[in-house]
Amino acid sequence: MKKIVVVIKFVFSIWLIFFLFSISNFLFDSKLAQSEQFQISNSYAQALPNQGGVAVNLEIADSDVQEGDIISVTKEGYKKAAQAYDALIFGVVVDSPILSVKEKNDSTKPVVSSGEAIVRVSTANGEIKEGDLITSSGTPGVGQKATQGGYIVGKALAPYSDSSKAGLVPTIVNIGYSAASGSGAGLFSLVGVITNPENLRYTLAAIVGILFLIAISIAFIRLISSGVTAIGRNPLAKGTIVRGMVIAGVIIAILAIAGAGAIVAIINLGK
């Protein structure tokens, strides 16, 4: 009996690791699906690195939009990005795209999501050198040097050092998540994702999911262990013990479904 219990515990340990990995992937995919910018995957963007000038005509909620402004997706529509490492960056406003799609009118602006474009930047996070990664900043529409893990606009093709005002820098636009470089990068990247207000409900959902998973796994393992032990000690009561195990298993399953429902509800908060 003890060997059976050990095997069951081992199997559930493997299942626990797999399920935790699945939850993390699900939450990450849910986050990506929130924005239209992620309809184009990184591999697709790499396959078409020179789309510069191919833009989408969008209605921008801000009235003072100009060339080089970084645009994000918000509840109010497309607006100038106004927080550092914004996870919902959509693209950059351009003046003269080679090609634009969607209907164009006086209230729209062409926005590119990949390729080469001019980006409005400042030295708020340090002087920008050629090759530095550019992200959004607290100044609406203006980018800055990326110094930690987070979402970026792309890579600067020229330096910028004027601390007195924002200016324009040619940039390879390749929107996506970039980990910080150097020692401790993974830790800082993880902290950045968790503390980002945009990711709050996903962080909470992950915590709830992990707690439910651990609690349910422990309860199930104890149920199996105690049931096998009880049957070994009292074989004549096997039927009663098995029925009790089935009832307990149903209760655990109901709790698991409730936990999954809570996770989905948390993820959908604020949508």
# chains A, B, ... in the order shown; residues from 1 in each chain; ligands from 1
$ closest_atom_pairs --of "stretch 95-153 of chain A" --to "stretch 68-80 of chain A" --cutoff "9 Å" --atoms "only C-alpha atoms" --output "JSON lines"
{"residue": "A:Asp95", "atom": "CA", "partner": "A:Gly68", "partner_atom": "CA", "distance": 8.5}
{"residue": "A:Val111", "atom": "CA", "partner": "A:Ile71", "partner_atom": "CA", "distance": 7.9}
{"residue": "A:Ala117", "atom": "CA", "partner": "A:Gly68", "partner_atom": "CA", "distance": 7.5}
{"residue": "A:Ile118", "atom": "CA", "partner": "A:Gly68", "partner_atom": "CA", "distance": 5.2}
{"residue": "A:Val119", "atom": "CA", "partner": "A:Gly68", "partner_atom": "CA", "distance": 4.0}
{"residue": "A:Arg120", "atom": "CA", "partner": "A:Gly68", "partner_atom": "CA", "distance": 4.6}
{"residue": "A:Val121", "atom": "CA", "partner": "A:Gly68", "partner_atom": "CA", "distance": 8.3}
{"residue": "A:Thr135", "atom": "CA", "partner": "A:Ile70", "partner_atom": "CA", "distance": 9.0}
{"residue": "A:Ser136", "atom": "CA", "partner": "A:Ile70", "partner_atom": "CA", "distance": 7.0}
{"residue": "A:Thr139", "atom": "CA", "partner": "A:Lys80", "partner_atom": "CA", "distance": 8.9}
{"residue": "A:Pro140", "atom": "CA", "partner": "A:Lys80", "partner_atom": "CA", "distance": 5.3}
{"residue": "A:Gly141", "atom": "CA", "partner": "A:Asp69", "partner_atom": "CA", "distance": 4.3}
{"residue": "A:Val142", "atom": "CA", "partner": "A:Asp69", "partner_atom": "CA", "distance": 6.0}
{"residue": "A:Gly143", "atom": "CA", "partner": "A:Ile70", "partner_atom": "CA", "distance": 7.0}
{"residue": "A:Val153", "atom": "CA", "partner": "A:Ile70", "partner_atom": "CA", "distance": 8.0}
$ residues_around --residues "stretch 105-107 of chain A" --least-positions-apart "2" --cutoff "9 Å" --atoms "only C-alpha atoms" --output "list in words"
Asn57, Leu58, Glu59, Ile60, Glu103 and Lys109 of chain A
$ closest_residue --among "A:Asp64, A:Val173, A:Ala146, A:Ser137" --to "A:Phe90" --atoms "only C-alpha atoms"
A:Val173
$ closest_residue --among "A:Gly115, A:Val101, A:Gln66, A:Ala253" --to "A:Gly167" --atoms "only C-alpha atoms"
A:Gln66
$ closest_residue --among "A:Val169, A:Ala124, A:Ile89, A:Leu211" --to "A:Ile152" --atoms "only C-alpha atoms"
A:Ile89
$ select_by_dssp --residues "stretch 92-158 of chain A" --states "strand (DSSP E or B)" --output "PyMOL selection string"
chain A and resi 92-93+99-101+108-112+114-121+128+133-136+143-145+150-156
$ closest_residue --among "A:Thr171, A:Ser161, A:Asn125, A:Thr147" --to "A:Val112" --atoms "only C-alpha atoms"
A:Thr171
$ atom_distance --atom1 "atom CA of A:Glu67" --atom2 "atom CA of A:Tyr151"
20.8 Å
$ decode --residues "stretch 137-250 of chain A" --atoms "C-alpha atoms" --output "PDB file, in the first residue's frame"
ATOM      1  CA  SER A 137       7.326  56.963 -21.033  1.00  0.00           C
ATOM      2  CA  GLY A 138       5.162  58.968 -18.659  1.00  0.00           C
ATOM      3  CA  THR A 139       5.057  61.812 -21.194  1.00  0.00           C
ATOM      4  CA  PRO A 140       2.159  61.133 -23.602  1.00  0.00           C
ATOM      5  CA  GLY A 141       3.372  59.954 -26.987  1.00  0.00           C
ATOM      6  CA  VAL A 142       7.075  60.345 -26.151  1.00  0.00           C
ATOM      7  CA  GLY A 143       9.497  57.451 -25.925  1.00  0.00           C
ATOM      8  CA  GLN A 144      12.580  56.928 -23.794  1.00  0.00           C
ATOM      9  CA  LYS A 145      15.515  54.563 -23.408  1.00  0.00           C
ATOM     10  CA  ALA A 146      14.512  51.148 -22.055  1.00  0.00           C
ATOM     11  CA  THR A 147      16.694  50.117 -19.117  1.00  0.00           C
ATOM     12  CA  GLN A 148      14.706  47.178 -17.693  1.00  0.00           C
ATOM     13  CA  GLY A 149      12.504  44.363 -18.852  1.00  0.00           C
ATOM     14  CA  GLY A 150       9.194  45.434 -20.367  1.00  0.00           C
ATOM     15  CA  TYR A 151       7.363  46.252 -23.573  1.00  0.00           C
ATOM     16  CA  ILE A 152       9.288  48.251 -26.150  1.00  0.00           C
ATOM     17  CA  VAL A 153       8.647  50.129 -29.393  1.00  0.00           C
ATOM     18  CA  GLY A 154      11.848  49.095 -31.125  1.00  0.00           C
ATOM     19  CA  LYS A 155      15.546  49.895 -31.539  1.00  0.00           C
ATOM     20  CA  ALA A 156      17.051  53.357 -32.113  1.00  0.00           C
ATOM     21  CA  LEU A 157      19.034  53.820 -35.326  1.00  0.00           C
ATOM     22  CA  ALA A 158      20.651  57.070 -34.156  1.00  0.00           C
ATOM     23  CA  PRO A 159      21.666  58.706 -30.866  1.00  0.00           C
ATOM     24  CA  TYR A 160      19.737  61.438 -29.048  1.00  0.00           C
ATOM     25  CA  SER A 161      21.173  63.528 -26.212  1.00  0.00           C
ATOM     26  CA  ASP A 162      19.241  66.821 -26.120  1.00  0.00           C
ATOM     27  CA  SER A 163      17.900  67.010 -22.558  1.00  0.00           C
ATOM     28  CA  SER A 164      16.076  70.301 -23.143  1.00  0.00           C
ATOM     29  CA  LYS A 165      13.291  68.921 -25.329  1.00  0.00           C
ATOM     30  CA  ALA A 166      11.874  65.872 -27.063  1.00  0.00           C
ATOM     31  CA  GLY A 167      13.133  65.099 -30.551  1.00  0.00           C
ATOM     32  CA  LEU A 168      12.781  62.622 -33.382  1.00  0.00           C
ATOM     33  CA  VAL A 169      14.955  59.530 -33.795  1.00  0.00           C
ATOM     34  CA  PRO A 170      14.838  56.985 -36.639  1.00  0.00           C
ATOM     35  CA  THR A 171      13.826  53.642 -35.138  1.00  0.00           C
ATOM     36  CA  ILE A 172      13.253  50.084 -36.254  1.00  0.00           C
ATOM     37  CA  VAL A 173       9.748  49.514 -34.899  1.00  0.00           C
ATOM     38  CA  ASN A 174       9.368  45.970 -33.564  1.00  0.00           C
ATOM     39  CA  ILE A 175       6.829  46.061 -30.763  1.00  0.00           C
ATOM     40  CA  GLY A 176       7.056  43.339 -28.159  1.00  0.00           C
ATOM     41  CA  TYR A 177       8.392  42.294 -24.773  1.00  0.00           C
ATOM     42  CA  SER A 178      12.119  42.543 -24.115  1.00  0.00           C
ATOM     43  CA  ALA A 179      13.905  41.184 -21.040  1.00  0.00           C
ATOM     44  CA  ALA A 180      16.410  43.400 -19.274  1.00  0.00           C
ATOM     45  CA  SER A 181      20.071  42.755 -19.963  1.00  0.00           C
ATOM     46  CA  GLY A 182      22.714  42.037 -17.385  1.00  0.00           C
ATOM     47  CA  SER A 183      22.754  40.310 -14.015  1.00  0.00           C
ATOM     48  CA  GLY A 184      19.387  39.773 -12.383  1.00  0.00           C
ATOM     49  CA  ALA A 185      17.526  40.519 -15.632  1.00  0.00           C
ATOM     50  CA  GLY A 186      15.003  37.737 -15.180  1.00  0.00           C
ATOM     51  CA  LEU A 187      14.097  38.865 -11.668  1.00  0.00           C
ATOM     52  CA  PHE A 188      13.706  42.531 -12.642  1.00  0.00           C
ATOM     53  CA  SER A 189      11.658  41.568 -15.705  1.00  0.00           C
ATOM     54  CA  LEU A 190       9.323  39.459 -13.593  1.00  0.00           C
ATOM     55  CA  VAL A 191       8.953  42.222 -11.004  1.00  0.00           C
ATOM     56  CA  GLY A 192       8.224  44.707 -13.776  1.00  0.00           C
ATOM     57  CA  VAL A 193       5.452  42.555 -15.216  1.00  0.00           C
ATOM     58  CA  ILE A 194       3.878  41.809 -11.820  1.00  0.00           C
ATOM     59  CA  THR A 195       3.924  45.438 -10.601  1.00  0.00           C
ATOM     60  CA  ASN A 196       2.555  46.877 -13.856  1.00  0.00           C
ATOM     61  CA  PRO A 197      -1.015  48.098 -13.057  1.00  0.00           C
ATOM     62  CA  GLU A 198      -2.157  46.783 -16.449  1.00  0.00           C
ATOM     63  CA  ASN A 199      -1.196  43.269 -15.328  1.00  0.00           C
ATOM     64  CA  LEU A 200      -2.843  43.423 -11.880  1.00  0.00           C
ATOM     65  CA  ARG A 201      -5.796  41.157 -12.655  1.00  0.00           C
ATOM     66  CA  TYR A 202      -3.547  38.622 -14.390  1.00  0.00           C
ATOM     67  CA  THR A 203      -1.215  38.544 -11.391  1.00  0.00           C
ATOM     68  CA  LEU A 204      -4.199  38.104  -9.055  1.00  0.00           C
ATOM     69  CA  ALA A 205      -5.637  35.369 -11.298  1.00  0.00           C
ATOM     70  CA  ALA A 206      -2.296  33.552 -11.271  1.00  0.00           C
ATOM     71  CA  ILE A 207      -2.102  33.722  -7.465  1.00  0.00           C
ATOM     72  CA  VAL A 208      -5.674  32.460  -7.062  1.00  0.00           C
ATOM     73  CA  GLY A 209      -5.060  29.691  -9.601  1.00  0.00           C
ATOM     74  CA  ILE A 210      -1.880  28.514  -7.893  1.00  0.00           C
ATOM     75  CA  LEU A 211      -3.514  28.537  -4.436  1.00  0.00           C
ATOM     76  CA  PHE A 212      -6.527  26.580  -5.699  1.00  0.00           C
ATOM     77  CA  LEU A 213      -4.267  24.122  -7.505  1.00  0.00           C
ATOM     78  CA  ILE A 214      -2.102  23.486  -4.460  1.00  0.00           C
ATOM     79  CA  ALA A 215      -5.115  23.119  -2.147  1.00  0.00           C
ATOM     80  CA  ILE A 216      -6.952  20.755  -4.513  1.00  0.00           C
ATOM     81  CA  SER A 217      -3.830  18.675  -5.186  1.00  0.00           C
ATOM     82  CA  ILE A 218      -3.106  18.272  -1.471  1.00  0.00           C
ATOM     83  CA  ALA A 219      -6.748  17.370  -0.773  1.00  0.00           C
ATOM     84  CA  PHE A 220      -6.797  14.807  -3.588  1.00  0.00           C
ATOM     85  CA  ILE A 221      -3.505  13.207  -2.571  1.00  0.00           C
ATOM     86  CA  ARG A 222      -4.681  12.940   1.051  1.00  0.00           C
ATOM     87  CA  LEU A 223      -7.993  11.482  -0.118  1.00  0.00           C
ATOM     88  CA  ILE A 224      -6.268   8.761  -2.148  1.00  0.00           C
ATOM     89  CA  SER A 225      -3.688   8.056   0.557  1.00  0.00           C
ATOM     90  CA  SER A 226      -6.209   7.799   3.392  1.00  0.00           C
ATOM     91  CA  GLY A 227      -8.582   5.738   1.240  1.00  0.00           C
ATOM     92  CA  VAL A 228      -5.919   3.211   0.247  1.00  0.00           C
ATOM     93  CA  THR A 229      -4.712   2.997   3.846  1.00  0.00           C
ATOM     94  CA  ALA A 230      -8.269   2.530   5.169  1.00  0.00           C
ATOM     95  CA  ILE A 231      -9.016  -0.242   2.667  1.00  0.00           C
ATOM     96  CA  GLY A 232      -5.759  -1.993   3.624  1.00  0.00           C
ATOM     97  CA  ARG A 233      -6.678  -1.896   7.300  1.00  0.00           C
ATOM     98  CA  ASN A 234     -10.329  -2.843   6.860  1.00  0.00           C
ATOM     99  CA  PRO A 235     -10.951  -4.710   3.566  1.00  0.00           C
ATOM    100  CA  LEU A 236     -14.493  -5.644   4.611  1.00  0.00           C
ATOM    101  CA  ALA A 237     -15.510  -1.962   4.550  1.00  0.00           C
ATOM    102  CA  LYS A 238     -14.111  -1.416   1.068  1.00  0.00           C
ATOM    103  CA  GLY A 239     -17.487  -0.479  -0.468  1.00  0.00           C
ATOM    104  CA  THR A 240     -18.256   2.148   2.160  1.00  0.00           C
ATOM    105  CA  ILE A 241     -14.753   3.612   1.932  1.00  0.00           C
ATOM    106  CA  VAL A 242     -14.886   3.810  -1.875  1.00  0.00           C
ATOM    107  CA  ARG A 243     -18.283   5.561  -1.761  1.00  0.00           C
ATOM    108  CA  GLY A 244     -16.884   8.076   0.701  1.00  0.00           C
ATOM    109  CA  MET A 245     -13.900   8.655  -1.587  1.00  0.00           C
ATOM    110  CA  VAL A 246     -16.195   9.222  -4.579  1.00  0.00           C
ATOM    111  CA  ILE A 247     -18.276  11.783  -2.688  1.00  0.00           C
ATOM    112  CA  ALA A 248     -15.132  13.578  -1.512  1.00  0.00           C
ATOM    113  CA  GLY A 249     -13.783  13.472  -5.076  1.00  0.00           C
ATOM    114  CA  VAL A 250     -16.976  15.096  -6.401  1.00  0.00           C
TER     115      VAL A 250
END
